[in-house]
Amino acid sequence: MADLTTDFVGIKSPNPFWLASAPPTDKEYNVRRAFEAGWGGVVWKTLGEDGPPIVNVNGPRYGAIWGADRRLLGLNNIELITDRPLEVNLREIKAVKRDYPDRAMIVSLMVPCEEAAWKAILPLVEETGADGVELNFGCPHGMSERGMGSAVGQVPEYITMVTRWVKQNTRMPCIVKLTPNITDVRKPAMAALEGGADAVSLINTINSITSVDLDLFAPEPTIDGKGAHGGYCGPAVKPIALNMVAEIARTPETRGLPISGIGGVTTWKDAAEFMALGAGNVQVCTAAMTYGFKIVQEMISGLSQYMDEKEMGSTSQLVGRAVPNISDWQNLNLNYVTKARIDQDLCIQCGRCYAACEDTSHQAIAMSEDRVFTVKDDECVACNLCVNVCPVEECITMEELPTGALDERTGQVVAEEHADWTSHPNNPAVKTAAE
């Protein structure tokens with residue numbers, strides 16, 4: 001059996017699945033239920049300074065995007081950091097950590113951008129026995145207007161400054177949570193590393209408005225006739241999160257910086273993809289809010305089975321496996337040729353592939369009078385749009401062709417070699433020889 005235990009910057013947990021800082025980790029009751037369900041760790045919902053209370057709206061806090069089957073694809077939230085007293089949160093954190101010493105307990109923090117505020121709260125968190133802190137530099141709404149959250153995360157100099165304050169005033173590992181609401185995520189990652197961060201976590205939520213009420217003419221969720229931008233999360237943000245994790249993992253200046261991957265993790269496969277791109281573990285929120293805490297059991301069993309099939313004994317053998325294969329467009333092999341192939345036994349003759357290709361692509365699919373669909377190799381550019389619009393899995397696949405292959409229908413060469421590729425300066429082989 002694969003060993004799912006992880007050691008993330010010295011923080012041990014029985015599996016790589018942590019609950020992200022969010023409503024599911026706001027109180028002792030929730031976290032205990034999460035640990036009983038099998039979660040390897042939690043990041044306690046963001047704590048603020050012991051000052052004026054945080055006041056949340058008493059109306060709807062979430063907007064949503066659904067698929068055609070009403071499957072939840074994304075959530076937009078306008079909730080702030082914890083509105084519970086600091087002393088209550090600290091007491092509950094201590095009690096839970098005492099009863100679950102083998103689980104990772106990380107505390108998310110957000111206080112004003114002043115050294116005194118950080119120096120004041122860190123000893124209080126340390127006294128609970130927590131395993132580490134996560135600096136919330138990503139929240140895009142509510143707190144950012146007060147000079148915290150993404151207002152800090154969008155300024156690399158502030159990230160470095162605050163991270164240094166934290167490292168100078170606590171023994172606990174420090175994870176910096178990065179905002180995606182920025183042009184180049186590598187810069188804040190470098191700033192966190194410069195400040196001494198032990199790791200980064202990403203992505204935090206994406207600034208968004210999910211919908212507009214066309215009767216009230218106000219963004220949703222609507223509070224007394226008005227709405228506000230919020231933070232977007234869920235399966236829909238996963239591609240953005242994967243790319244940002246990969247950029248940090250493959251950039252020389254940040255290569256090797258431990259990463260906690262966040263953004264749309266719903267299944268074990270999602271988690272495995274984040275880990276293959278360099279994440280040492282993953283954090284989950286929307287999936288737990290959609291399906292409940294026991295979803296982690298499917299994640300654990302699925303990842304374990306996958307690793308067994310791949311003969312991986314530990315998660316460390318998965319982390320970063322895909323990073324060497326991340327490239328830039330100019331380095332792709334122009335002599336690699338594929339063509340679409342339609343399995344007539346699986347085809348339900350819906351015609352989606354034909355309509356999509358005929359109207360919007362390369363007119364590479366022919367339709368007979370009795371609705372049999374075939375591929376014209378000489379017209380097919382292997383864009384695989386047909387694969388993506390086909391409602392039947394594996395009905396349309398892409399077949400690699402050897403150089404010089406002919407179209408059986410026309411006799412034309414459909415896998416022509418690009419003669420200039422062998423000497424093109426972007427060819428990795430040419431680059432290596434030149435070096």
# chains A, B, ... in the order shown; residues from 1 in each chain; ligands from 1
>>> residues_around(residues="Gly313 (chain A)", least_positions_apart="6", cutoff="9 Å", atoms="only C-alpha atoms", output="PyMOL selection string")
chain A and resi 1-4+307
>>> select_by_dssp(residues="region 127-318 of chain A", states="alpha helix (DSSP H)", output="VMD selection string")
chain A and resid 150 to 153 156 to 168 186 to 194 238 to 250 268 to 276 286 to 291 295 to 309
>>> closest_residue(among="A:Thr222, A:Gly132, A:Met143, A:Lys119", to="Val55 (chain A)", atoms="only C-alpha atoms")
A:Met143
>>> residues_around(residues="region 217-221 of chain A", least_positions_apart="6", cutoff="7 Å", atoms="only C-alpha atoms", output="PyMOL selection string")
chain A and resi 60-63+209-211+227-228
>>> select_by_dssp(residues="region 135-242 of chain A", states="strand (DSSP E or B)", output="ChimeraX atom specification")
/A:135-136,174-177,199-202,206-208,211-213,218-220,223,226,230-233
>>> closest_residue(among="A:Met161, A:Ile240, A:Val155, A:Leu257", to="Ser201 (chain A)", atoms="only C-alpha atoms")
A:Leu257
>>> residues_around(residues="region 288-305 of chain A", least_positions_apart="5", cutoff="10 Å", atoms="only C-alpha atoms", output="JSON, numbers by chain")
{"A": [1, 2, 3, 4, 15, 16, 17, 18, 19, 20, 22, 23, 24, 30, 31, 33, 34, 35, 36, 37, 38, 39, 40, 71, 72, 75, 234, 265, 266, 267, 268, 269, 270, 271, 272, 310, 311, 312, 313, 314, 315]}
>>> write_last_selection(atoms="C-alpha atoms", output="CSV table (one decimal), in the first residue's frame")
chain,number,residue,atom,x,y,z
A,1,MET,CA,0.0,0.0,0.0
A,2,ALA,CA,1.2,3.5,-0.8
A,3,ASP,CA,2.3,5.6,2.1
A,4,LEU,CA,0.2,8.8,2.0
A,15,ASN,CA,-2.3,12.3,4.2
A,16,PRO,CA,-1.7,15.3,1.9
A,17,PHE,CA,-5.4,16.5,2.1
A,18,TRP,CA,-5.8,19.6,4.2
A,19,LEU,CA,-8.9,21.8,4.6
A,20,ALA,CA,-8.2,25.3,3.4
A,22,ALA,CA,-12.5,29.0,5.0
A,23,PRO,CA,-15.9,28.5,6.6
A,24,PRO,CA,-15.4,24.8,7.1
A,30,ASN,CA,-16.3,21.6,12.3
A,31,VAL,CA,-12.6,20.7,12.6
A,33,ARG,CA,-15.8,16.4,12.4
A,34,ALA,CA,-13.2,16.9,9.7
A,35,PHE,CA,-10.5,15.0,11.5
A,36,GLU,CA,-13.0,12.2,12.3
A,37,ALA,CA,-13.8,12.0,8.6
A,38,GLY,CA,-10.1,11.6,7.8
A,39,TRP,CA,-8.6,14.9,6.8
A,40,GLY,CA,-4.9,15.1,7.3
A,71,ARG,CA,-23.4,20.7,-10.7
A,72,LEU,CA,-21.6,23.5,-8.8
A,75,LEU,CA,-18.5,29.8,-5.7
A,234,GLY,CA,-14.2,25.9,-7.0
A,265,VAL,CA,-9.5,20.2,-5.8
A,266,THR,CA,-12.5,17.9,-5.9
A,267,THR,CA,-11.1,14.4,-6.6
A,268,TRP,CA,-8.0,12.4,-6.0
A,269,LYS,CA,-7.0,13.1,-9.6
A,270,ASP,CA,-7.1,16.8,-9.1
A,271,ALA,CA,-4.9,16.4,-6.1
A,272,ALA,CA,-2.5,14.2,-8.1
A,310,LYS,CA,2.2,3.5,-10.5
A,311,GLU,CA,4.4,1.6,-8.0
A,312,MET,CA,5.0,4.8,-6.0
A,313,GLY,CA,5.7,4.0,-2.3
A,314,SER,CA,5.3,7.6,-1.0
A,315,THR,CA,3.9,10.9,-2.1
>>> residues_around(residues="Ala236 (chain A)", least_positions_apart="2", cutoff="7 Å", atoms="only C-alpha atoms", output="PDB file with C-alpha atoms, in the first residue's frame")
ATOM      1  CA  LEU A  73     -18.659  24.752 -10.801  1.00  0.00           C
ATOM      2  CA  GLY A  74     -17.716  27.836  -8.822  1.00  0.00           C
ATOM      3  CA  GLY A 234     -14.209  25.862  -6.967  1.00  0.00           C
ATOM      4  CA  LYS A 238      -8.416  24.765 -11.163  1.00  0.00           C
ATOM      5  CA  GLY A 264     -10.746  23.437  -7.310  1.00  0.00           C
TER       6      GLY A 264
END
>>> closest_residue(among="A:Pro188, A:Gly149, A:Pro85, A:Gly263", to="Pro235 (chain A)", atoms="only C-alpha atoms")
A:Gly263
>>> residues_around(residues="Tyr354 (chain A)", least_positions_apart="6", cutoff="9 Å", atoms="only C-alpha atoms", output="list of chain:residue names")
A:Gln363, A:Ala364, A:Ile365, A:Ala366, A:Met367, A:Phe373, A:Cys386
>>> closest_residue(among="A:Arg341, A:Lys45, A:Ala64, A:Pro252", to="Val212 (chain A)", atoms="only C-alpha atoms")
A:Ala64
>>> residues_around(residues="Asp83 (chain A)", least_positions_apart="5", cutoff="8 Å", atoms="only C-alpha atoms", output="list in words")
Pro53, Ile54, Val55 and Asn56 of chain A
>>> write_last_selection(atoms="N, CA and C atoms", output="PDB file, in the first residue's frame")
ATOM      1  N   PRO A  53     -14.567  44.106  16.602  1.00  0.00           N
ATOM      2  CA  PRO A  53     -15.059  42.846  16.035  1.00  0.00           C
ATOM      3  C   PRO A  53     -15.290  42.934  14.527  1.00  0.00           C
ATOM      4  N   ILE A  54     -15.056  41.806  13.862  1.00  0.00           N
ATOM      5  CA  ILE A  54     -15.379  41.683  12.444  1.00  0.00           C
ATOM      6  C   ILE A  54     -16.885  41.456  12.322  1.00  0.00           C
ATOM      7  N   VAL A  55     -17.525  42.196  11.442  1.00  0.00           N
ATOM      8  CA  VAL A  55     -18.967  42.065  11.256  1.00  0.00           C
ATOM      9  C   VAL A  55     -19.254  41.645   9.822  1.00  0.00           C
ATOM     10  N   ASN A  56     -19.857  40.471   9.665  1.00  0.00           N
ATOM     11  CA  ASN A  56     -20.234  39.973   8.347  1.00  0.00           C
ATOM     12  C   ASN A  56     -21.651  40.402   7.987  1.00  0.00           C
TER      13      ASN A  56
END
>>> closest_residue(among="A:Gly256, A:Pro391, A:Pro324, A:Gly147", to="Leu193 (chain A)", atoms="only C-alpha atoms")
A:Gly256
>>> closest_atom_pairs(of="region 229-290 of chain A", to="region 167-177 of chain A", cutoff="12 Å", atoms="only C-alpha atoms", output="JSON lines")
{"residue": "A:Val245", "atom": "CA", "partner": "A:Lys177", "partner_atom": "CA", "distance": 12.0}
{"residue": "A:Leu257", "atom": "CA", "partner": "A:Ile175", "partner_atom": "CA", "distance": 10.6}
{"residue": "A:Pro258", "atom": "CA", "partner": "A:Ile175", "partner_atom": "CA", "distance": 9.0}
{"residue": "A:Ile259", "atom": "CA", "partner": "A:Ile175", "partner_atom": "CA", "distance": 8.7}
{"residue": "A:Ser260", "atom": "CA", "partner": "A:Ile175", "partner_atom": "CA", "distance": 8.5}
{"residue": "A:Gly261", "atom": "CA", "partner": "A:Lys177", "partner_atom": "CA", "distance": 10.0}
{"residue": "A:Ile262", "atom": "CA", "partner": "A:Lys177", "partner_atom": "CA", "distance": 9.6}
{"residue": "A:Gln283", "atom": "CA", "partner": "A:Lys177", "partner_atom": "CA", "distance": 11.4}
>>> write_last_selection(atoms="C-alpha atoms", output="PDB file, in the first residue's frame")
ATOM      1  CA  VAL A 245       1.683  26.360  -9.208  1.00  0.00           C
ATOM      2  CA  LEU A 257      10.196  26.243  -2.738  1.00  0.00           C
ATOM      3  CA  PRO A 258       7.581  24.012  -1.052  1.00  0.00           C
ATOM      4  CA  ILE A 259       4.066  24.602  -2.408  1.00  0.00           C
ATOM      5  CA  SER A 260       0.667  23.842  -0.936  1.00  0.00           C
ATOM      6  CA  GLY A 261      -1.705  23.617  -3.893  1.00  0.00           C
ATOM      7  CA  ILE A 262      -5.178  25.172  -3.720  1.00  0.00           C
ATOM      8  CA  GLN A 283      -5.916  22.278   0.375  1.00  0.00           C
TER       9      GLN A 283
END
>>> closest_residue(among="A:Met190, A:Ala120, A:Val200, A:Leu80", to="Trp165 (chain A)", atoms="only C-alpha atoms")
A:Ala120
>>> atom_distance(atom1="CA of Asn335 (chain A)", atom2="CA of Glu400 (chain A)")
10.7 Å
